[in-house]
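**Student:** This is work.csv (CSV, C-alpha atoms).
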chain,number,residue,atom,x,y,z
V,1,MET,CA,53.5,86.5,105.4
V,2,ALA,CA,56.3,88.8,106.5
V,3,TRP,CA,58.4,85.8,107.4
V,4,SER,CA,57.8,84.4,103.9
V,5,LEU,CA,58.8,87.6,102.2
V,6,ASP,CA,62.0,87.9,104.4
V,7,ASN,CA,62.9,84.3,103.6
V,8,GLU,CA,62.4,84.9,99.9
V,9,LEU,CA,64.6,88.0,100.0
V,10,MET,CA,67.3,86.1,101.9
V,11,THR,CA,67.2,83.3,99.3
V,12,LYS,CA,67.6,85.8,96.5
V,13,ILE,CA,70.6,87.4,98.3
V,14,PHE,CA,72.3,84.1,98.9
V,15,ASN,CA,71.7,83.1,95.3
V,16,SER,CA,73.2,86.4,94.1
V,17,ILE,CA,76.3,85.8,96.2
V,18,SER,CA,76.7,82.2,94.9
V,19,ALA,CA,76.4,83.6,91.3
V,20,ARG,CA,79.2,86.1,91.9
V,21,VAL,CA,81.4,83.6,93.6
V,22,ALA,CA,80.9,81.4,90.5
V,23,ALA,CA,81.8,84.3,88.3
V,24,LEU,CA,85.0,84.8,90.4
V,25,PHE,CA,86.1,81.2,89.7
V,26,ALA,CA,85.1,81.6,86.0
V,27,CYS,CA,87.2,84.8,85.5
V,28,HIS,CA,90.2,83.4,87.3
V,29,PHE,CA,90.2,80.1,85.4
V,30,PHE,CA,89.6,81.9,82.1
V,31,ALA,CA,92.9,83.7,82.7
V,32,PHE,CA,94.6,80.4,83.8
V,33,GLY,CA,93.1,78.5,80.8
V,34,LEU,CA,94.9,81.0,78.5
V,35,PHE,CA,98.1,81.2,80.5
V,36,LEU,CA,98.8,77.5,81.0
V,37,PRO,CA,98.6,76.1,77.5
V,38,PHE,CA,99.4,79.2,75.4
V,39,PHE,CA,102.0,81.4,77.0
V,40,PRO,CA,104.8,79.0,76.2
V,41,LEU,CA,103.8,79.7,72.6
V,42,VAL,CA,103.8,83.4,73.3
V,43,LEU,CA,107.4,83.0,74.6
V,44,GLU,CA,108.3,81.0,71.5
V,45,PHE,CA,106.9,83.7,69.2
V,46,ARG,CA,109.2,86.2,71.1
V,47,GLY,CA,112.2,84.1,69.9
V,48,LEU,CA,113.0,82.2,73.1
V,49,SER,CA,114.4,78.7,72.8
V,50,THR,CA,112.8,75.6,74.2
V,51,ALA,CA,115.6,75.5,76.9
V,52,GLU,CA,114.9,79.1,77.9
V,53,ILE,CA,111.2,78.5,78.0
V,54,GLY,CA,111.7,75.5,80.2
V,55,PHE,CA,114.0,77.4,82.5
V,56,ILE,CA,111.5,80.3,83.0
V,57,LEU,CA,108.6,77.8,83.6
V,58,GLY,CA,110.7,75.8,86.1
V,59,VAL,CA,111.7,78.9,88.1
V,60,GLY,CA,108.2,80.2,88.0
V,61,THR,CA,106.8,76.9,89.2
V,62,ILE,CA,109.2,76.8,92.2
V,63,ALA,CA,108.4,80.4,93.1
V,64,ARG,CA,104.7,79.8,92.7
V,65,ILE,CA,104.8,76.8,95.1
V,66,ALA,CA,106.6,78.9,97.7
V,67,ALA,CA,104.4,82.0,97.2
V,68,SER,CA,101.0,80.3,97.5
V,69,PRO,CA,100.9,79.7,101.3
V,70,ILE,CA,102.9,82.8,102.2
V,71,LEU,CA,100.7,85.3,100.3
V,72,SER,CA,97.5,83.4,101.3
V,73,ASN,CA,98.6,83.7,105.0
V,74,ILE,CA,99.2,87.5,104.6
V,75,ALA,CA,95.6,87.8,103.4
V,76,ASP,CA,94.3,85.7,106.4
V,77,ARG,CA,96.3,87.7,108.9
V,78,THR,CA,94.9,91.0,107.6
V,79,GLY,CA,91.4,89.6,107.3
V,80,GLN,CA,91.2,91.2,103.8
V,81,ARG,CA,90.7,88.4,101.4
V,82,ARG,CA,88.7,90.4,98.9
V,83,TRP,CA,91.2,93.3,98.8
V,84,SER,CA,94.1,90.8,98.6
V,85,ILE,CA,92.5,89.1,95.5
V,86,LEU,CA,91.9,92.5,94.0
V,87,ILE,CA,95.5,93.6,94.6
V,88,TYR,CA,97.0,90.3,93.4
V,89,SER,CA,94.8,90.4,90.2
V,90,ILE,CA,95.8,94.0,89.3
V,91,MET,CA,99.5,93.2,89.9
V,92,GLY,CA,99.1,90.0,87.8
V,93,ALA,CA,97.7,92.1,85.0
V,94,GLY,CA,100.6,94.5,85.4
V,95,PHE,CA,103.2,91.7,85.0
V,96,ILE,CA,101.5,90.3,81.9
V,97,SER,CA,101.4,93.8,80.4
V,98,LEU,CA,105.2,93.6,80.3
V,99,PHE,CA,104.9,91.4,77.3
V,100,PHE,CA,104.1,94.6,75.3
V,101,LEU,CA,107.6,95.9,76.1
V,102,PRO,CA,110.6,95.1,73.9
V,103,GLY,CA,113.2,92.8,75.3
V,104,GLY,CA,114.3,89.2,75.4
V,105,ILE,CA,114.6,86.6,78.1
V,106,LEU,CA,114.9,89.2,81.0
V,107,ILE,CA,111.6,90.9,80.4
V,108,ALA,CA,109.9,87.6,79.6
V,109,SER,CA,111.2,86.1,82.8
V,110,ILE,CA,110.0,89.0,84.9
V,111,ALA,CA,106.6,88.9,83.3
V,112,MET,CA,106.1,85.1,83.6
V,113,VAL,CA,107.6,84.5,87.0
V,114,GLY,CA,106.0,87.6,88.5
V,115,TYR,CA,102.6,86.6,87.1
V,116,MET,CA,102.9,83.0,88.4
V,117,VAL,CA,103.9,84.2,91.9
V,118,ILE,CA,101.3,86.9,92.3
V,119,LYS,CA,98.4,84.8,91.0
V,120,ALA,CA,99.3,81.8,93.1
V,121,PRO,CA,97.2,82.8,96.1
V,122,ILE,CA,94.1,83.8,94.2
V,123,LEU,CA,92.6,80.3,93.9
V,124,PRO,CA,93.2,79.3,97.6
V,125,LEU,CA,91.7,82.6,98.7
V,126,SER,CA,88.8,82.2,96.3
V,127,ASP,CA,88.3,78.6,97.6
V,128,ALA,CA,88.4,80.0,101.2
V,129,TYR,CA,85.8,82.6,100.4
V,130,ALA,CA,83.5,80.1,98.6
V,131,LEU,CA,83.8,77.6,101.5
V,132,ASP,CA,82.9,80.3,104.0
V,133,THR,CA,79.9,81.2,101.7
V,134,ALA,CA,78.8,77.6,101.7
V,135,ARG,CA,79.2,77.4,105.5
V,136,ASN,CA,77.3,80.6,106.2
V,137,THR,CA,74.5,80.5,103.5
V,138,GLY,CA,74.1,76.8,102.7
V,139,ALA,CA,75.3,77.4,99.1
V,140,ASP,CA,76.7,74.5,97.1
V,141,TYR,CA,80.5,74.9,96.9
V,142,ALA,CA,80.8,72.4,94.0
V,143,ARG,CA,78.2,74.2,91.9
V,144,MET,CA,80.1,77.5,92.4
V,145,ARG,CA,83.5,75.8,91.6
V,146,LEU,CA,82.3,74.1,88.4
V,147,TRP,CA,82.2,77.5,86.7
V,148,GLY,CA,85.9,77.6,87.0
V,149,SER,CA,86.1,74.5,84.8
V,150,VAL,CA,83.7,76.2,82.4
V,151,GLY,CA,85.9,79.2,82.2
V,152,PHE,CA,88.9,77.1,81.6
V,153,VAL,CA,87.3,75.3,78.7
V,154,LEU,CA,86.1,78.6,77.1
V,155,ALA,CA,89.7,79.9,77.5
V,156,ASN,CA,91.1,76.8,75.8
V,157,LEU,CA,88.7,77.3,72.9
V,158,ALA,CA,89.5,81.0,72.6
V,159,GLY,CA,93.2,80.5,72.9
V,160,GLY,CA,93.2,77.7,70.4
V,161,SER,CA,91.6,80.0,67.8
V,162,LEU,CA,94.2,82.7,68.5
V,163,ALA,CA,97.4,80.5,68.8
V,164,ALA,CA,99.3,82.0,65.9
V,165,GLN,CA,102.1,84.5,65.9
V,166,SER,CA,99.9,87.2,64.3
V,167,THR,CA,97.2,86.9,67.0
V,168,SER,CA,99.3,86.0,70.1
V,169,TRP,CA,99.0,89.6,71.4
V,170,LEU,CA,95.2,89.0,71.7
V,171,ILE,CA,95.9,86.1,74.1
V,172,VAL,CA,97.9,88.5,76.2
V,173,CYS,CA,95.1,91.1,76.1
V,174,LEU,CA,92.5,88.5,77.1
V,175,THR,CA,94.6,87.4,80.0
V,176,ILE,CA,95.0,91.0,81.2
V,177,ALA,CA,91.2,91.5,80.8
V,178,ALA,CA,90.4,88.3,82.8
V,179,SER,CA,92.7,89.4,85.6
V,180,PHE,CA,91.0,92.8,85.9
V,181,ALA,CA,87.6,91.0,85.7
V,182,THR,CA,88.6,88.8,88.6
V,183,GLY,CA,89.3,91.9,90.7
V,184,LEU,CA,86.1,93.6,89.7
V,185,VAL,CA,84.0,90.5,90.6
V,186,VAL,CA,85.6,89.9,93.9
V,187,MET,CA,84.9,93.5,95.0
V,188,SER,CA,81.3,93.1,94.1
V,189,LEU,CA,81.1,90.4,96.8
V,190,PRO,CA,80.1,91.2,100.4
V,191,LYS,CA,82.8,91.5,103.0
V,192,GLN,CA,83.2,88.4,105.1
V,193,GLN,CA,82.7,89.2,108.8
V,194,ARG,CA,85.6,88.3,111.0
V,195,GLU,CA,84.7,86.8,114.4
V,196,HIS,CA,83.9,89.4,116.9
V,197,ALA,CA,86.8,90.1,119.3
V,198,ASP,CA,84.5,89.7,122.3
V,199,THR,CA,83.7,86.1,121.4
V,200,VAL,CA,87.3,85.0,120.5
V,201,ASN,CA,90.2,85.3,122.8
V,202,ASP,CA,93.8,85.7,121.7
V,203,HIS,CA,94.6,82.0,122.3
V,204,GLN,CA,91.8,80.9,120.0
V,205,LEU,CA,93.0,83.2,117.3
V,206,ARG,CA,96.4,81.7,117.4
V,207,VAL,CA,95.3,78.0,117.5
V,208,THR,CA,95.7,76.4,114.1
V,209,PRO,CA,96.3,72.8,113.1
V,210,PHE,CA,99.5,73.9,111.3
V,211,ARG,CA,101.5,73.4,114.5
V,212,SER,CA,100.3,69.9,114.9
V,213,PHE,CA,102.3,67.0,113.6
V,214,TRP,CA,99.2,65.1,112.4
V,215,PHE,CA,98.3,67.8,109.9
V,216,TRP,CA,101.3,67.5,107.7
V,217,PRO,CA,101.0,63.8,106.6
V,218,VAL,CA,97.3,64.4,106.0
V,219,LEU,CA,98.2,67.4,103.8
V,220,ALA,CA,100.7,65.4,101.9
V,221,VAL,CA,98.2,62.6,101.2
V,222,LEU,CA,95.6,65.1,100.1
V,223,GLY,CA,98.1,66.6,97.6
V,224,LEU,CA,99.2,63.1,96.5
V,225,PHE,CA,95.9,62.4,94.8
V,226,GLN,CA,96.2,65.4,92.5
V,227,ALA,CA,99.9,64.5,91.9
V,228,THR,CA,98.8,61.2,90.4
V,229,HIS,CA,97.9,63.3,87.3
V,230,ALA,CA,101.5,64.2,86.8
V,231,ALA,CA,102.2,61.8,83.9
V,232,PHE,CA,99.0,62.8,82.2
V,233,TYR,CA,99.4,66.5,82.5
V,234,GLY,CA,103.0,66.4,81.5
V,235,PHE,CA,103.0,63.7,78.8
V,236,GLY,CA,99.4,62.8,78.0
V,237,THR,CA,99.3,64.7,74.7
V,238,ILE,CA,102.7,63.5,73.7
V,239,TYR,CA,101.7,59.9,74.5
V,240,TRP,CA,98.6,60.1,72.4
V,241,GLN,CA,100.6,61.6,69.5
V,242,SER,CA,103.1,58.7,69.8
V,243,ILE,CA,100.3,56.2,69.2
V,244,ASP,CA,98.9,58.2,66.2
V,245,VAL,CA,95.8,59.7,67.9
V,246,PRO,CA,94.6,62.6,65.6
V,247,LYS,CA,95.0,66.1,66.9
V,248,PHE,CA,91.3,66.8,66.8
V,249,ALA,CA,90.7,63.7,68.8
V,250,ILE,CA,93.3,64.7,71.4
V,251,GLY,CA,91.5,67.9,72.0
V,252,ALA,CA,88.2,66.1,72.3
V,253,LEU,CA,89.7,63.7,74.9
V,254,TRP,CA,90.9,66.6,77.0
V,255,ALA,CA,87.4,68.1,76.7
V,256,ILE,CA,85.7,64.9,77.8
V,257,GLY,CA,87.7,65.0,81.1
V,258,VAL,CA,86.7,68.5,81.9
V,259,VAL,CA,83.0,67.8,81.1
V,260,ALA,CA,83.1,64.8,83.4
V,261,GLU,CA,84.6,67.0,86.1
V,262,ILE,CA,81.8,69.6,85.6
V,263,ALA,CA,79.2,66.8,85.7
V,264,LEU,CA,80.5,65.6,89.1
V,265,PHE,CA,80.5,69.1,90.5
V,266,THR,CA,76.9,69.5,89.5
V,267,ILE,CA,75.7,66.6,91.7
V,268,ALA,CA,78.4,66.7,94.4
V,269,GLY,CA,76.3,68.7,96.8
V,270,LYS,CA,73.8,65.8,97.1
V,271,LEU,CA,76.6,63.3,97.3
V,272,SER,CA,78.2,65.2,100.2
V,273,LEU,CA,75.1,64.8,102.3
V,274,ARG,CA,75.4,61.0,102.1
V,275,PHE,CA,79.2,60.5,102.2
V,276,ASP,CA,81.9,62.1,104.3
V,277,PRO,CA,85.1,63.6,102.6
V,278,PRO,CA,87.4,60.5,103.1
V,279,VAL,CA,84.9,58.5,101.0
V,280,PHE,CA,85.4,60.9,98.1
V,281,LEU,CA,89.2,60.4,98.3
V,282,VAL,CA,88.9,56.6,98.4
V,283,VAL,CA,86.7,56.6,95.3
V,284,ALA,CA,89.2,59.0,93.6
V,285,GLY,CA,92.0,56.6,94.5
V,286,ILE,CA,90.3,53.5,93.1
V,287,ALA,CA,89.3,55.4,89.9
V,288,SER,CA,92.9,56.6,89.6
V,289,VAL,CA,94.3,53.0,89.8
V,290,ILE,CA,91.8,51.9,87.1
V,291,ARG,CA,92.4,55.0,84.9
V,292,TRP,CA,96.2,55.1,84.9
V,293,GLY,CA,96.6,51.3,85.0
V,294,LEU,CA,94.5,50.9,81.8
V,295,VAL,CA,96.0,53.8,79.8
V,296,PRO,CA,98.6,51.6,78.1
V,297,PHE,CA,95.8,49.2,77.0
V,298,ALA,CA,93.5,51.8,75.6
V,299,ASP,CA,93.9,51.2,71.8
V,300,THR,CA,90.7,52.8,70.6
V,301,LEU,CA,89.2,56.3,70.8
V,302,LEU,CA,86.1,54.8,72.6
V,303,PHE,CA,88.3,53.1,75.2
V,304,MET,CA,90.3,56.3,75.7
V,305,GLY,CA,87.2,58.4,76.0
V,306,MET,CA,85.8,56.0,78.7
V,307,LEU,CA,89.0,56.4,80.7
V,308,GLN,CA,88.8,60.2,80.3
V,309,LEU,CA,85.3,60.1,81.9
V,310,LEU,CA,87.1,58.9,85.1
V,311,HIS,CA,88.7,62.4,85.3
V,312,GLY,CA,85.5,63.5,87.1
V,313,LEU,CA,86.5,61.1,89.9
V,314,THR,CA,90.3,61.2,89.8
V,315,PHE,CA,90.4,65.0,89.8
V,316,GLY,CA,86.9,66.1,90.9
V,317,ALA,CA,86.2,63.7,93.8
V,318,ALA,CA,89.8,64.1,95.0
V,319,HIS,CA,89.5,67.9,95.0
V,320,LEU,CA,86.1,68.0,96.7
V,321,GLY,CA,87.2,65.5,99.4
V,322,ALA,CA,90.4,67.4,100.1
V,323,VAL,CA,88.9,70.9,100.4
V,324,ALA,CA,86.1,69.6,102.5
V,325,ILE,CA,88.5,68.0,105.0
V,326,LEU,CA,90.5,71.2,105.2
V,327,ALA,CA,87.4,73.3,105.6
V,328,LYS,CA,86.5,71.1,108.6
V,329,VAL,CA,89.8,70.9,110.4
V,330,VAL,CA,91.2,74.4,109.6
V,331,PRO,CA,89.5,77.4,111.4
V,332,ALA,CA,87.6,79.7,109.0
V,333,ARG,CA,90.0,82.5,109.9
V,334,TRP,CA,93.0,80.6,108.5
V,335,SER,CA,91.2,78.7,105.6
V,336,GLY,CA,93.1,80.7,103.0
V,337,THR,CA,96.4,79.6,104.5
V,338,GLY,CA,95.1,76.0,104.6
V,339,GLN,CA,94.1,76.1,101.0
V,340,GLY,CA,97.4,77.7,100.1
V,341,LEU,CA,99.3,74.9,101.8
V,342,PHE,CA,97.2,72.4,99.9
V,343,THR,CA,98.1,74.1,96.6
V,344,ALA,CA,101.8,74.0,97.6
V,345,SER,CA,101.5,70.3,98.5
V,346,ILE,CA,100.1,69.5,95.1
V,347,GLY,CA,102.7,71.6,93.4
V,348,ILE,CA,105.7,70.0,95.1
V,349,GLN,CA,104.4,66.5,94.4
V,350,MET,CA,103.3,67.3,90.9
V,351,ALA,CA,106.7,68.7,90.0
V,352,ALA,CA,108.4,65.6,91.4
V,353,GLY,CA,106.0,63.4,89.5
V,354,ILE,CA,106.5,65.2,86.2
V,355,ALA,CA,110.3,65.0,86.6
V,356,VAL,CA,110.2,61.2,87.3
V,357,SER,CA,107.7,60.6,84.6
V,358,GLY,CA,109.9,62.4,82.1
V,359,ALA,CA,112.8,60.1,82.9
V,360,LEU,CA,110.6,57.0,82.6
V,361,PHE,CA,108.9,58.2,79.4
V,362,GLU,CA,112.1,58.1,77.4
V,363,ASP,CA,112.6,54.4,78.1
V,364,ASN,CA,109.0,53.3,78.1
V,365,PRO,CA,106.0,55.6,77.4
V,366,HIS,CA,103.7,53.3,79.4
V,367,ALA,CA,105.9,53.3,82.6
V,368,PRO,CA,104.8,56.7,83.9
V,369,PHE,CA,101.1,55.7,83.9
V,370,TYR,CA,101.9,52.4,85.7
V,371,LEU,CA,103.8,54.5,88.3
V,372,MET,CA,100.8,56.8,88.8
V,373,ALA,CA,98.5,53.8,89.3
V,374,VAL,CA,100.9,52.5,92.0
V,375,VAL,CA,101.0,55.9,93.7
V,376,ALA,CA,97.2,56.1,93.6
V,377,ALA,CA,97.0,52.7,95.2
V,378,VAL,CA,99.4,53.8,98.0
V,379,GLY,CA,97.4,57.0,98.5
V,380,THR,CA,94.2,55.0,98.8
V,381,VAL,CA,95.7,52.8,101.5
V,382,LEU,CA,97.0,55.8,103.4
V,383,VAL,CA,93.6,57.5,103.3
V,384,LEU,CA,92.0,54.4,104.7
V,385,LEU,CA,94.6,54.3,107.5
V,386,LEU,CA,94.2,58.0,108.2
V,387,THR,CA,90.4,58.1,108.0
V,388,PRO,CA,89.8,57.5,111.8
V,389,LEU,CA,92.3,60.3,112.6
V,390,ILE,CA,90.6,62.7,110.1
V,391,ARG,CA,87.1,61.9,111.5
V,392,GLU,CA,88.4,62.4,115.1
V,393,LYS,CA,90.0,65.8,114.2
V,394,THR,CA,86.9,66.8,112.3
V,395,ARG,CA,84.7,66.0,115.3
V,396,LEU,CA,86.9,67.9,117.7
V,397,ALA,CA,87.0,70.9,115.4
V,398,GLU,CA,83.3,71.0,115.0
V,399,ALA,CA,82.8,70.6,118.8
V,400,GLY,CA,85.4,73.2,119.7
What would you get if you wrote out this structure as structure tokens?

**Tutor:**
Amino acid sequence: MAWSLDNELMTKIFNSISARVAALFACHFFAFGLFLPFFPLVLEFRGLSTAEIGFILGVGTIARIAASPILSNIADRTGQRRWSILIYSIMGAGFISLFFLPGGILIASIAMVGYMVIKAPILPLSDAYALDTARNTGADYARMRLWGSVGFVLANLAGGSLAAQSTSWLIVCLTIAASFATGLVVMSLPKQQREHADTVNDHQLRVTPFRSFWFWPVLAVLGLFQATHAAFYGFGTIYWQSIDVPKFAIGALWAIGVVAEIALFTIAGKLSLRFDPPVFLVVAGIASVIRWGLVPFADTLLFMGMLQLLHGLTFGAAHLGAVAILAKVVPARWSGTGQGLFTASIGIQMAAGIAVSGALFEDNPHAPFYLMAVVAAVGTVLVLLLTPLIREKTRLAEAG
């Protein structure tokens, strides 16, 4: 009877932790769901030109890519992921608050670039915390992560209703509030215990896969699958507008993709018991070839909607496969750094993909999507070739 009560209590505690990790993702992505689509509008309302907005976003993107692994590594080295997320969240809110100061491009640049840099490590560190929670309690990572997608959709809806010059200040206020909420939620979580010094020698603390050659091509391939979305993220809306898809339908098509992503995350825990991570990546690659290869032929809303359902695989399966591989081959102590490097890998390849897609789009709007299909096919072949290596490194990491 006592064992039953103790077991029930532990289950409640673990469920409580899972709920708070889910809230952490929701708060972070709510802020991101406001920032990504609507802050270019905020800059426009402040009188900045399209060229100035593009310059600020370009500089911010480069700085964010560089900052993610560096700031994540600082958190790993100190062993203070929760405090790091809190500090980064408060600093992010501070940078966004600069929008309430008068000024032109200088103030806007400091606010935008500062925010993009300081918020860059929050998702990798949140992923690292969630993966440790899953490893230590048996919680379902995907079910915690899906609330990030829910938060992103809610932010899109809220931002869309406020996307006017007279209400843009409310978008800024909501972003600040979401940043503070992220910090509050993370401090409600229990501290993750670092491995006891008596059980880990100095050599083991310094051993990471980051110094091994094999890690870097694997990291590049993991990022490649997300980068196949470059044409869609950069020019999907413009493409649909060019073929006269109504604005309300464009919004619905984006929503279908996120709903498909959430649906996959809901059942991913059961799937992961049957399939190892490289299988998720292969499925994502095949789905990407189909999705991007058929975009130019989708001439009805039904056809477009069916392709958007594949987002659950092209994004969701690729994300789950990648973070699972990193969780297995990167020691828990350095998982924030590993996730930060993964984010940087995506960012570099995504930026390159958007730049190339932009040049192709001017000549032929279909060409960027064909290119993404080819890249996805190459990525699928590379994963198949790397799978024996990934499985071997996973086995060694679990044994050692």

**Student:** Pick from V:Pro277, V:Gly138, V:Gly338, V:Gly54: nearest to Thr394 (chain V), with all atoms listed in the file counted?

**Tutor:** V:Pro277

**Student:** Hey, can you check how far CA of Ala155 (chain V) sits from CA of Leu174 (chain V)?

**Tutor:** 9.1 Å

**Student:** Which residue is closest to Val150 (chain V)? Choose from V:Ala318, V:Cys173, V:Val323, V:Cys27 and count all atoms listed in the file.

**Tutor:**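 Of V:Ala318, V:Cys173, V:Val323, V:Cys27, the one nearest Val150 (chain V), counting all atoms listed in the file, is V:Cys27.
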
**Student:** In Å, rounded to a single decimal, give me how far CA of Asn364 (chain V) is from CA of Gln241 (chain V).

**Tutor:**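 Value for the CA of Gln241 (chain V)-CA of Asn364 (chain V) distance: 14.6 Å.
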
**Student:** Find the spatial neighbours of Gly336 (chain V), counting only C-alpha atoms, within a cut-off of 9 Å - ignore same-chain residues fewer than 4 positions away - and output them as a list in words.

**Tutor:**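 Near neighbours after the sequence-gap exclusion: Pro69, Ser72, Asn73, Ala75, Asp76, Arg81, Pro121, Pro124, Leu125, Ser126, Asp127, Ala128, Tyr129, Ala332, Gly340 and Leu341 of chain V.
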
**Student:** Would you pick out the contacts of region 356-361 of chain V at 12 Å or less, using all atoms listed in the file, so that residues sharing its chain but fewer than 3 positions from it are not included, and give the list as a PyMOL selection string?

**Tutor:** chain V and resi 227-236+238-239+242+349-353+364-372

**Student:** Can you write out the residues you just picked, keeping C-alpha atoms, as a PDB file, keeping the file's coordinate frame?

**Tutor:**
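The resulting file, selection.pdb, is shown below:
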ATOM      1  CA  ALA V 227      99.900  64.500  91.900  1.00  0.00           C
ATOM      2  CA  THR V 228      98.800  61.200  90.400  1.00  0.00           C
ATOM      3  CA  HIS V 229      97.900  63.300  87.300  1.00  0.00           C
ATOM      4  CA  ALA V 230     101.500  64.200  86.800  1.00  0.00           C
ATOM      5  CA  ALA V 231     102.200  61.800  83.900  1.00  0.00           C
ATOM      6  CA  PHE V 232      99.000  62.800  82.200  1.00  0.00           C
ATOM      7  CA  TYR V 233      99.400  66.500  82.500  1.00  0.00           C
ATOM      8  CA  GLY V 234     103.000  66.400  81.500  1.00  0.00           C
ATOM      9  CA  PHE V 235     103.000  63.700  78.800  1.00  0.00           C
ATOM     10  CA  GLY V 236      99.400  62.800  78.000  1.00  0.00           C
ATOM     11  CA  ILE V 238     102.700  63.500  73.700  1.00  0.00           C
ATOM     12  CA  TYR V 239     101.700  59.900  74.500  1.00  0.00           C
ATOM     13  CA  SER V 242     103.100  58.700  69.800  1.00  0.00           C
ATOM     14  CA  GLN V 349     104.400  66.500  94.400  1.00  0.00           C
ATOM     15  CA  MET V 350     103.300  67.300  90.900  1.00  0.00           C
ATOM     16  CA  ALA V 351     106.700  68.700  90.000  1.00  0.00           C
ATOM     17  CA  ALA V 352     108.400  65.600  91.400  1.00  0.00           C
ATOM     18  CA  GLY V 353     106.000  63.400  89.500  1.00  0.00           C
ATOM     19  CA  ASN V 364     109.000  53.300  78.100  1.00  0.00           C
ATOM     20  CA  PRO V 365     106.000  55.600  77.400  1.00  0.00           C
ATOM     21  CA  HIS V 366     103.700  53.300  79.400  1.00  0.00           C
ATOM     22  CA  ALA V 367     105.900  53.300  82.600  1.00  0.00           C
ATOM     23  CA  PRO V 368     104.800  56.700  83.900  1.00  0.00           C
ATOM     24  CA  PHE V 369     101.100  55.700  83.900  1.00  0.00           C
ATOM     25  CA  TYR V 370     101.900  52.400  85.700  1.00  0.00           C
ATOM     26  CA  LEU V 371     103.800  54.500  88.300  1.00  0.00           C
ATOM     27  CA  MET V 372     100.800  56.800  88.800  1.00  0.00           C
TER      28      MET V 372
END

**Student:** Identify, on the basis of only C-alpha atoms, every residue whose closest approach to Phe342 (chain V) does not exceed 9 Å; exclude the query and any residue fewer than 5 positions from it along the same chain; express the result as a list in words.

**Tutor:** Pro69, Pro124, Leu219, Ala220, Leu222, Gly223, Ala322, Val323, Leu326, Thr337 and Gly347 of chain V

**Student:** Please work out which residues fall within 10 Å of (96.9, 56.5, 71.1), coordinates as given in the file, with all atoms listed in the file counting, and return them as a list in words.

**Tutor:** Gly236, Thr237, Ile238, Tyr239, Trp240, Gln241, Ser242, Ile243, Asp244, Val245, Pro246, Ala249, Ile250, Val295, Pro296, Phe297, Ala298, Asp299, Thr300, Leu301 and Met304 of chain V

**Student:** So that I can check the surroundings of Gly148 (chain V), please list as a list in words every protein, DNA and RNA residue that reaches within 7 Å of it, counting only C-alpha atoms and ignoring chain neighbours fewer than 6 positions away.

**Tutor:**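 Residues near the query, excluding close chain neighbours: Phe25, Ala26 and Phe29 of chain V.
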
**Student:** Pull C-alpha atoms from the residues just selected and write them as an mmCIF file, in the coordinates of the input.

**Tutor:**
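Contents of the output file again.cif:
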data_model
loop_
_atom_site.group_PDB
_atom_site.id
_atom_site.type_symbol
_atom_site.label_atom_id
_atom_site.label_comp_id
_atom_site.auth_asym_id
_atom_site.auth_seq_id
_atom_site.Cartn_x
_atom_site.Cartn_y
_atom_site.Cartn_z
ATOM 1 C CA PHE V 25 86.100 81.200 89.700
ATOM 2 C CA ALA V 26 85.100 81.600 86.000
ATOM 3 C CA PHE V 29 90.200 80.100 85.400
#

**Student:** Rank V:Ile87, V:Leu162, V:Leu41, V:Leu386 by their smallest atom-to-atom distance to Trp214 (chain V), using all atoms listed in the file, and report the top residue only.

**Tutor:** V:Leu386

**Student:** Looking at all atoms listed in the file, which of V:Phe95, V:Trp334, V:Leu71, V:Val172 is the one that sits closest to Pro40 (chain V)?

**Tutor:**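 Closest candidate: V:Val172.
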
**Student:** What is the CA of Asp132 (chain V)-CA of Leu384 (chain V) distance in Å, reported with one decimal?

**Tutor:** 27.5 Å

**Student:** Between V:Val113, V:Ala397, V:Ala67, V:Ala317, which is the closest to Val279 (chain V) once you count all atoms listed in the file?

**Tutor:** V:Ala317

**Student:** Leaving out Glu398 (chain V) and any residue of its chain fewer than 2 positions from it, which residues lie within 12 Å of it when counting all atoms listed in the file, given as an mmCIF file with C-alpha atoms, in the frame of the given file?

**Tutor:**
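What ended up in result36.cif:
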data_model
loop_
_atom_site.group_PDB
_atom_site.id
_atom_site.type_symbol
_atom_site.label_atom_id
_atom_site.label_comp_id
_atom_site.auth_asym_id
_atom_site.auth_seq_id
_atom_site.Cartn_x
_atom_site.Cartn_y
_atom_site.Cartn_z
ATOM 1 C CA ILE V 325 88.500 68.000 105.000
ATOM 2 C CA ALA V 327 87.400 73.300 105.600
ATOM 3 C CA LYS V 328 86.500 71.100 108.600
ATOM 4 C CA VAL V 329 89.800 70.900 110.400
ATOM 5 C CA VAL V 330 91.200 74.400 109.600
ATOM 6 C CA PRO V 331 89.500 77.400 111.400
ATOM 7 C CA ALA V 332 87.600 79.700 109.000
ATOM 8 C CA ARG V 391 87.100 61.900 111.500
ATOM 9 C CA GLU V 392 88.400 62.400 115.100
ATOM 10 C CA LYS V 393 90.000 65.800 114.200
ATOM 11 C CA THR V 394 86.900 66.800 112.300
ATOM 12 C CA ARG V 395 84.700 66.000 115.300
ATOM 13 C CA LEU V 396 86.900 67.900 117.700
ATOM 14 C CA GLY V 400 85.400 73.200 119.700
#

**Student:** Under the rule that all atoms listed in the file are counted, which of V:Arg46, V:Arg145, V:His311, V:His28 is the nearest residue to Pro102 (chain V)?

**Tutor:**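 Nearest candidate to Pro102 (chain V) out of V:Arg46, V:Arg145, V:His311, V:His28: V:Arg46.
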
**Student:** Identify the residues within 9 Å of coordinate (98.9, 89.7, 81.0) (same frame as the file), considering only C-alpha atoms, and give the answer as a list of chain:residue names.

**Tutor:**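 Counting only C-alpha atoms, I find these residues within 9 Å of (98.9, 89.7, 81.0): V:Ala31, V:Phe35, V:Gly92, V:Ala93, V:Gly94, V:Phe95, V:Ile96, V:Ser97, V:Leu98, V:Phe99, V:Ala111, V:Met112, V:Tyr115, V:Ile171, V:Val172, V:Cys173, V:Leu174, V:Thr175, V:Ile176, V:Ala177, V:Ala178, V:Ser179.
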